[in-house]
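Report on one structure; see the data block that follows.
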Amino acid sequence: MNTTTTPSRIKVITGNAAAAIAAKLARPDVVAAYPITPQTEVIEQISTFHASGEMDCELITVEGENSAMNAVMAASLAGGRVFTASSSWGLVFMYDAVLAVAGARAPVVMVNVNRETPGIIAVSSGQQDMISTRDAGWIFLIAEDCQEVLDLVLQSYRLAEDYDIQLPVMVHYDGFFLSYLSEGVDIPEQETVDRFLSVLKDQPRRTVLTPGQKLGVGSHGILGGYMELRHKHVTAMERSKAKFEEIDKEFASIFGRSYGGQVEEYRCDDADIVLLGSGSMCGTIKSVIDDQREKGVRIGLVKMRMYRPFPHQALVAALKGKKAVGVVDRSLAFGFDGGPIYTELKAFETRLDGAQLVSFIDGIANTDITKTNVEKMIQMTRDLADGKDVPEVTWVSYPDANTKGGK
Amino acid sequence: MAEKKQARLTKVLDYLKHDDPFSKGVAFCPGCGLELLLRFIPRVLGNDIVITGTPSCSAPVLLGQNNQSWHTLSYFGTLMTGAAANATGLARYYRKAGIDNTVVCFNGDGTANDIGFGNLSGAAERNEPFIYICYDNEGYMNTGIQKSGTTPFGATTTTTPYGSVHKGKNLRRMNLGLKMAMNKIPYTATATLSDLEDLARKLLKAKEAKERGFCFLHVFAPCPTGWGADPANTIEICRRAVKTNYFPLWEAENGRIRMTKTVKKPKPVSTYTELMKKFNHMTEADIKILQDDVEYEYCLLGGLSVLEAECQLPVSAKDQGEAS
């Protein structure tokens with residue numbers, strides 16, 4: 001870790017407060033705000049900053065999430081820096097605009113506080129909202145703790161607004177677990193953040209919608225023209241992988257914190273087996289790994305920080321040659337034998353030099369991914385590495401799923 | 001009244017101070033009311049407006065669908081669900097950046113009254129600084145003539161067809177203009193294409209009023225194709241809509257309603273409905289229902305205009321604007 005840190009202060013704040021403070025530090029021109037549990041604190045904090053004059057932005061207190069996304073999309077296409085926040089049903093309610101933002105290549109930055117979405121109205125944590133919107137064309141980043149929420153929001157502006165990228169970025173963090181968890185967060189000085197973001201000012205100015213200029217956005221695209229734009233979208237997404245690594249390194253040189261870019265590898269170098277996780281579960285997993293390492297188990301964690309574009313090159317590099325990989329999903333994919341991230345990784349199995357894969361589903365609807373659960377996952381992954389018969393998918397906190405023949 | 005002291009423009013051509021930014025020979029049906037309105041707006045307001053439009057009848061021209069003709073305006077093709085929110089985002093950013101702007105959010109009745117009403121209502125509540133214009137052709141015409149909230153009683157559409165059991169729309173139309181005026185926004189008005197001077201004056205008034213916040217224009221724009229009317233009759237339909245009080249012309253500043261055209265002896269609504277096939281099947285009893293509805297709405301409007309004139313507008317409402 002770089003030691004040339006600039007002055008900063010540590011405060012004990014929630015993940016939601018970290019998101020709001022990061023938004024304030026980024027100095028957005030327009031913020032659209034609409035409440036939803038467990039995100040509400042984000043917009044409350046921003047409204048407080050706005051009321052006190054600490055935040056000089058146009059605050060649009062919209063009448064629904066759909067308008068929140070539409071308002072920030074237009075403000076972004078007109079040239080503004082924007083921010084909004086949502087969760088679960090709110091993300092779903094803005095989904096048509098979420099797609100439009102991506103297609104319009106508007107560099108919108110938002111946080112999504114992960115929450116379940118099925119019709120059984122689970123006001124609880126889960127990544128199903130993220131999974132259900134995964135191919136909207138946004139860059140999806142996932143934070144592990146409150147500090148990373150703040151840091152990722154700042155990094156997101158650099159990534160979204162970069163002239164070579166110009167894509168919307170959504171920072172995900174686990175509702176209830178991170179949204180309401182208070183922990184020490186190093187809050188950078190405004191001038192440090194300004195310096196970090198100032199690089200964008202030196203880049204060519206992106207095309208924006210200005211009164212009196214003969215320019216339109218949201219035109220009808222047809223045939224070849226449409227395909228060209230879609231292909232450009234795909235390639236910009238691909239470019240964002242390396243750009244994210246680059247920004248992470250630069251962030252480290254200024255703020256003294258680095259996360260490893262698309263994936264963070266924790267004690268993986270000599271590991272025989274690895275768990276692949278994302279979000280707040282990673283803190284627990286790291287703690288179990290530390291315990292098991294003391295007992296001589298050669299285990300590591302690969303933490304997925306970037307989920308879209310799918311960082312398959314980084315994942316393959318990190319997982320290649322391991323004996324077995326246990327993938328922990330906090331959501332479901334229907335019609336597959338395993339969770340969504342597991343099934344996606346499965347597509348690259350042949351590149352993993354024989355590493356075997358196993359799927360774990362846990363942490364749905366606020367169930368804790370406890371240390372005991374993580375120990376179970378590690379044991380099963382070790383069993384797989386040892387050639388034992390292990391079911392392809394296990395619902396760790398719901399044994400009935402495993403004993404009654406349910407996959 | 002202050003506007004009477006201004007230099008009066010009496011001929012509609014005098015209002016057309018700017019170029020027509022649309023290409024000639026556009027992809028509208030013959031006699032389209034929307035086309036006339038769309039060309040008229042930038043000629044009155046100027047070519048430096050930013051116009052937004054949704055997938056709709058305006059899309060082929062405004063958004064260049066299928067490359068069927070175009071224009072030189074600055075424009076944003078929005079979703080129907082969020083049209084007013086998009087215009088909000090534009091107007092707010094321009095305000096923050098100190099960029100002079102006139103954002104015109106141009107939508108049909110399907111967007112304004114139905115699918116996009118939530119964000120239209122929200123924009124009115126927050127008194128957003130832009131002009132919302134609804135061209136009302138009383139249905140979803142671009143998708144092939146389906147019923148909307150402003151389709152009148154009795155009218156046949158492809159979702160309210162004439163059948164042996166159900167005969168056209170068996171519901172009243174909603175009064176979109178009045179709904180918006182009740183929000184006491186700086187400016188609300190109705191207009192139509194038979195009274196272009198009235199329309200032009202209202203456009204200019206809206207441009208001035210949007211400095212104080214949200215403005216809404218409800219423009220009656222016939223669709224000969226969807227209504228089963230002779231394309232040559234578009235203007236005549238507008239004229240009769242006004243003369244029967246089917247579509248009265250009024251304006252409201254901060255919710256204070258004032259008639260801009262009073263019809264001394266309103267004609268029966270049948271003189272309006274007879275111009276269109278969509279009302280063909282209606283019996284005298286059906287027409288009576290429509291007539292009663294028209295009279296009731298007009299009575300309500302008249303009552304409100306008297307009432308509003310007598311009520312003192314609270315000072316707080318005059319200078320409202322969302323904290324920023």
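By convention here, the chains of the structure tokens are called A, B, ... in the order presented, each chain's residues are numbered starting at 1, and ligands are numbered starting at 1 in the order presented.
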
Practice task
Starting from chain A, keep only residues with some atom at most 8 Å from an atom of chain B, counting only C-alpha atoms, and report them as a PyMOL selection string.
Solution key: chain A and resi 29-30+50+57-59+61-64+66-68+70-75+78-80+96-97+209-222

Practice task
Using DSSP on the backbone coordinates, identify all residues within stretch 52-193 of chain B classified as helix (DSSP H, G or I); present the result as a PyMOL selection string.
Solution key: chain B and resi 59-62+65-67+83-97+109-115+117-125+176-181

Those same residues - C-alpha atoms - I'd like them written as a PDB file, in the first residue's frame.
ATOM      1  CA  ALA B  59     -41.522  10.301 -34.058  1.00  0.00           C
ATOM      2  CA  PRO B  60     -41.124   9.823 -37.826  1.00  0.00           C
ATOM      3  CA  VAL B  61     -40.322  13.497 -38.223  1.00  0.00           C
ATOM      4  CA  LEU B  62     -39.121  14.663 -34.839  1.00  0.00           C
ATOM      5  CA  GLN B  65     -37.717   7.260 -37.594  1.00  0.00           C
ATOM      6  CA  ASN B  66     -36.856   5.364 -40.774  1.00  0.00           C
ATOM      7  CA  ASN B  67     -35.020   8.467 -42.020  1.00  0.00           C
ATOM      8  CA  ALA B  83     -40.986  12.634 -21.014  1.00  0.00           C
ATOM      9  CA  ALA B  84     -41.537  15.364 -18.431  1.00  0.00           C
ATOM     10  CA  ALA B  85     -38.707  14.032 -16.280  1.00  0.00           C
ATOM     11  CA  ASN B  86     -36.351  14.203 -19.252  1.00  0.00           C
ATOM     12  CA  ALA B  87     -37.355  17.795 -19.920  1.00  0.00           C
ATOM     13  CA  THR B  88     -36.852  18.474 -16.214  1.00  0.00           C
ATOM     14  CA  GLY B  89     -33.319  17.104 -16.344  1.00  0.00           C
ATOM     15  CA  LEU B  90     -32.472  19.285 -19.352  1.00  0.00           C
ATOM     16  CA  ALA B  91     -33.983  22.480 -17.961  1.00  0.00           C
ATOM     17  CA  ARG B  92     -32.404  22.000 -14.535  1.00  0.00           C
ATOM     18  CA  TYR B  93     -28.950  21.349 -15.908  1.00  0.00           C
ATOM     19  CA  TYR B  94     -29.150  24.387 -18.202  1.00  0.00           C
ATOM     20  CA  ARG B  95     -30.214  26.480 -15.227  1.00  0.00           C
ATOM     21  CA  LYS B  96     -27.315  25.166 -13.154  1.00  0.00           C
ATOM     22  CA  ALA B  97     -24.860  25.808 -15.985  1.00  0.00           C
ATOM     23  CA  ASP B 109     -52.295  12.705 -25.169  1.00  0.00           C
ATOM     24  CA  GLY B 110     -51.216   9.113 -24.542  1.00  0.00           C
ATOM     25  CA  THR B 111     -48.004  10.286 -22.932  1.00  0.00           C
ATOM     26  CA  ALA B 112     -49.461  13.372 -21.277  1.00  0.00           C
ATOM     27  CA  ASN B 113     -52.701  12.009 -19.904  1.00  0.00           C
ATOM     28  CA  ASP B 114     -51.922   8.306 -19.508  1.00  0.00           C
ATOM     29  CA  ILE B 115     -48.528   6.639 -19.316  1.00  0.00           C
ATOM     30  CA  PHE B 117     -49.026  11.555 -16.388  1.00  0.00           C
ATOM     31  CA  GLY B 118     -47.163  10.776 -13.182  1.00  0.00           C
ATOM     32  CA  ASN B 119     -44.075  12.671 -14.225  1.00  0.00           C
ATOM     33  CA  LEU B 120     -46.133  15.459 -15.820  1.00  0.00           C
ATOM     34  CA  SER B 121     -47.859  15.846 -12.467  1.00  0.00           C
ATOM     35  CA  GLY B 122     -44.513  15.752 -10.644  1.00  0.00           C
ATOM     36  CA  ALA B 123     -43.063  18.431 -12.913  1.00  0.00           C
ATOM     37  CA  ALA B 124     -46.101  20.617 -12.163  1.00  0.00           C
ATOM     38  CA  GLU B 125     -45.719  20.096  -8.414  1.00  0.00           C
ATOM     39  CA  LEU B 176     -56.351  17.217 -19.091  1.00  0.00           C
ATOM     40  CA  GLY B 177     -56.117  21.000 -19.324  1.00  0.00           C
ATOM     41  CA  LEU B 178     -58.260  21.574 -16.272  1.00  0.00           C
ATOM     42  CA  LYS B 179     -56.337  18.952 -14.313  1.00  0.00           C
ATOM     43  CA  MET B 180     -53.141  20.881 -14.962  1.00  0.00           C
ATOM     44  CA  ALA B 181     -54.646  24.302 -14.242  1.00  0.00           C
TER      45      ALA B 181
END

Please identify all polymer residues within 6 Å of stretch 187-201 of chain B, counting only C-alpha atoms, omitting same-chain residues fewer than 4 positions from it, and present them as a short mmCIF file (atom, residue, chain, number, x, y, z; two decimals) with N, CA and C atoms, in the first residue's frame.
data_model
loop_
_atom_site.label_atom_id
_atom_site.label_comp_id
_atom_site.auth_asym_id
_atom_site.auth_seq_id
_atom_site.Cartn_x
_atom_site.Cartn_y
_atom_site.Cartn_z
N VAL B 12 -51.65 36.37 -38.03
CA VAL B 12 -50.86 35.24 -37.56
C VAL B 12 -49.47 35.22 -38.18
N ALA B 181 -54.40 22.96 -14.78
CA ALA B 181 -54.65 24.30 -14.24
C ALA B 181 -54.84 24.25 -12.73
N CYS B 215 -45.18 25.46 -17.43
CA CYS B 215 -46.26 25.90 -18.32
C CYS B 215 -46.79 24.70 -19.09
N PHE B 216 -48.09 24.68 -19.24
CA PHE B 216 -48.73 23.55 -19.92
C PHE B 216 -49.71 24.04 -20.98
N LEU B 217 -49.51 23.60 -22.22
CA LEU B 217 -50.45 23.93 -23.29
C LEU B 217 -51.13 22.65 -23.78
N HIS B 218 -52.44 22.69 -23.80
CA HIS B 218 -53.22 21.55 -24.26
C HIS B 218 -53.81 21.92 -25.62
N VAL B 219 -53.26 21.33 -26.68
CA VAL B 219 -53.65 21.73 -28.03
C VAL B 219 -54.45 20.62 -28.72
N PHE B 220 -55.63 20.98 -29.10
CA PHE B 220 -56.52 20.06 -29.81
C PHE B 220 -56.06 19.92 -31.25
N ILE B 235 -59.15 21.84 -40.18
CA ILE B 235 -59.35 23.13 -39.53
C ILE B 235 -60.82 23.34 -39.18
N CYS B 238 -61.58 21.69 -35.97
CA CYS B 238 -61.11 22.51 -34.84
C CYS B 238 -62.11 23.64 -34.58
N ARG B 239 -62.52 24.27 -35.66
CA ARG B 239 -63.42 25.41 -35.55
C ARG B 239 -64.72 24.99 -34.85
N LEU B 249 -61.64 27.47 -25.49
CA LEU B 249 -60.31 28.09 -25.44
C LEU B 249 -60.21 28.99 -24.21
N TRP B 250 -59.24 28.71 -23.37
CA TRP B 250 -59.06 29.47 -22.14
C TRP B 250 -57.60 29.46 -21.74
N GLU B 251 -57.26 30.25 -20.78
CA GLU B 251 -55.91 30.23 -20.22
C GLU B 251 -56.01 30.45 -18.72
N ALA B 252 -54.99 30.07 -18.01
CA ALA B 252 -54.99 30.24 -16.56
C ALA B 252 -53.60 30.62 -16.10
N GLU B 253 -53.53 31.76 -15.42
CA GLU B 253 -52.25 32.16 -14.83
C GLU B 253 -52.32 31.85 -13.36
#

Neighbours of B:Ala221 within 7 Å (only C-alpha atoms; same-chain residues fewer than 5 positions away dropped), as a PDB file with N, CA and C atoms, in the first residue's frame?
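Full text of out_25.pdb as output:
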ATOM      1  N   GLY B  33     -53.097  17.319 -38.028  1.00  0.00           N
ATOM      2  CA  GLY B  33     -53.072  18.497 -37.167  1.00  0.00           C
ATOM      3  C   GLY B  33     -51.734  18.655 -36.477  1.00  0.00           C
ATOM      4  N   LEU B  34     -51.133  17.535 -36.163  1.00  0.00           N
ATOM      5  CA  LEU B  34     -49.832  17.546 -35.496  1.00  0.00           C
ATOM      6  C   LEU B  34     -48.769  18.262 -36.325  1.00  0.00           C
ATOM      7  N   TYR B 135     -50.202  17.652 -27.726  1.00  0.00           N
ATOM      8  CA  TYR B 135     -51.085  17.686 -28.898  1.00  0.00           C
ATOM      9  C   TYR B 135     -52.062  16.543 -28.718  1.00  0.00           C
ATOM     10  N   ASP B 136     -53.307  16.897 -28.616  1.00  0.00           N
ATOM     11  CA  ASP B 136     -54.331  15.923 -28.260  1.00  0.00           C
ATOM     12  C   ASP B 136     -55.084  15.464 -29.502  1.00  0.00           C
ATOM     13  N   ASN B 137     -54.777  14.263 -29.967  1.00  0.00           N
ATOM     14  CA  ASN B 137     -55.561  13.699 -31.072  1.00  0.00           C
ATOM     15  C   ASN B 137     -56.439  12.558 -30.569  1.00  0.00           C
ATOM     16  N   THR B 192     -56.113  25.608 -30.246  1.00  0.00           N
ATOM     17  CA  THR B 192     -56.313  24.702 -31.376  1.00  0.00           C
ATOM     18  C   THR B 192     -55.936  25.385 -32.681  1.00  0.00           C
ATOM     19  N   LEU B 193     -56.030  24.639 -33.775  1.00  0.00           N
ATOM     20  CA  LEU B 193     -55.435  25.083 -35.028  1.00  0.00           C
ATOM     21  C   LEU B 193     -56.344  25.996 -35.843  1.00  0.00           C
TER      22      LEU B 193
END

Exercise for the section: Give me the residues within 10 Å of A:Thr350 as a PyMOL selection string, counting only C-alpha atoms and dropping any in the same chain fewer than 6 places off. Expected result: chain A and resi 316+320+356

Which polymer residues have any atom within 9 Å of an atom of stretch 276-290 of chain B, counting only C-alpha atoms, with same-chain residues fewer than 4 positions away left out, as a CSV table (one decimal) with N, CA and C atoms, in the first residue's frame?
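To be explicit, this is the file written out as part_1.csv:
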chain,number,residue,atom,x,y,z
B,152,PRO,N,-63.1,10.6,-26.5
B,152,PRO,CA,-64.4,11.0,-26.0
B,152,PRO,C,-65.4,9.9,-25.9
B,153,PHE,N,-66.4,10.1,-25.2
B,153,PHE,CA,-67.5,9.1,-25.1
B,153,PHE,C,-68.0,8.8,-26.5
B,154,GLY,N,-68.2,7.5,-26.7
B,154,GLY,CA,-68.8,7.1,-27.9
B,154,GLY,C,-67.9,6.7,-29.1
B,155,ALA,N,-66.7,7.4,-29.1
B,155,ALA,CA,-65.8,7.2,-30.2
B,155,ALA,C,-65.3,5.8,-30.4
B,156,THR,N,-65.3,5.3,-31.6
B,156,THR,CA,-64.7,4.0,-31.9
B,156,THR,C,-63.2,4.1,-32.1
B,157,THR,N,-62.5,3.2,-31.5
B,157,THR,CA,-61.1,3.0,-31.8
B,157,THR,C,-60.8,1.6,-31.9
B,162,TYR,N,-66.8,-0.9,-32.5
B,162,TYR,CA,-68.3,-1.0,-32.5
B,162,TYR,C,-68.6,-2.5,-32.6
B,167,LYS,N,-70.4,-0.6,-27.9
B,167,LYS,CA,-70.4,0.3,-29.0
B,167,LYS,C,-69.6,1.5,-28.8
B,168,GLY,N,-68.3,1.4,-29.1
B,168,GLY,CA,-67.4,2.6,-28.9
B,168,GLY,C,-67.0,2.7,-27.4
B,172,ARG,N,-66.1,8.6,-20.2
B,172,ARG,CA,-65.9,10.0,-20.5
B,172,ARG,C,-64.4,10.2,-20.8
B,224,PRO,N,-57.3,13.1,-39.0
B,224,PRO,CA,-58.3,12.7,-40.0
B,224,PRO,C,-58.2,11.1,-40.2
B,226,GLY,N,-57.3,8.7,-38.1
B,226,GLY,CA,-57.8,8.0,-37.0
B,226,GLY,C,-59.3,8.2,-36.7
B,227,TRP,N,-59.7,9.4,-37.1
B,227,TRP,CA,-61.1,9.8,-36.7
B,227,TRP,C,-62.1,9.5,-37.9
B,228,GLY,N,-61.5,9.1,-39.0
B,228,GLY,CA,-62.4,8.9,-40.2
B,228,GLY,C,-63.0,10.2,-40.7
B,229,ALA,N,-62.1,11.2,-40.9
B,229,ALA,CA,-62.5,12.5,-41.3
B,229,ALA,C,-61.8,12.9,-42.7
B,230,ASP,N,-62.4,13.8,-43.4
B,230,ASP,CA,-61.8,14.3,-44.6
B,230,ASP,C,-60.6,15.1,-44.2
B,237,ILE,N,-62.9,21.0,-38.3
B,237,ILE,CA,-63.2,20.2,-37.1
B,237,ILE,C,-62.8,21.0,-35.9
B,269,VAL,N,-73.4,19.7,-30.3
B,269,VAL,CA,-72.2,19.0,-30.5
B,269,VAL,C,-72.3,18.1,-31.7
B,270,SER,N,-73.5,17.8,-32.2
B,270,SER,CA,-73.7,17.0,-33.4
B,270,SER,C,-73.1,17.6,-34.6
B,272,TYR,N,-70.4,19.0,-34.7
B,272,TYR,CA,-69.0,18.6,-34.6
B,272,TYR,C,-68.8,17.1,-35.0
B,294,VAL,N,-70.3,17.7,-22.5
B,294,VAL,CA,-69.7,19.0,-23.0
B,294,VAL,C,-70.2,20.2,-22.2
B,295,GLU,N,-71.5,20.2,-22.0
B,295,GLU,CA,-72.2,21.3,-21.2
B,295,GLU,C,-71.7,21.3,-19.8

Problem - Spatial neighbours of stretch 86-94 of chain A, max dist 9 Å, only C-alpha atoms, sep filter under 3 positions, as number ranges by chain - result: A: 33-40, 64-70, 97-99, 110-117, 127-130, 132-133, 175

Handout entry: Residue among A:Ile120, A:Ile21, A:Leu315, A:Met306 lying closest to A:Leu141, counting only C-alpha atoms
Key = A:Met306
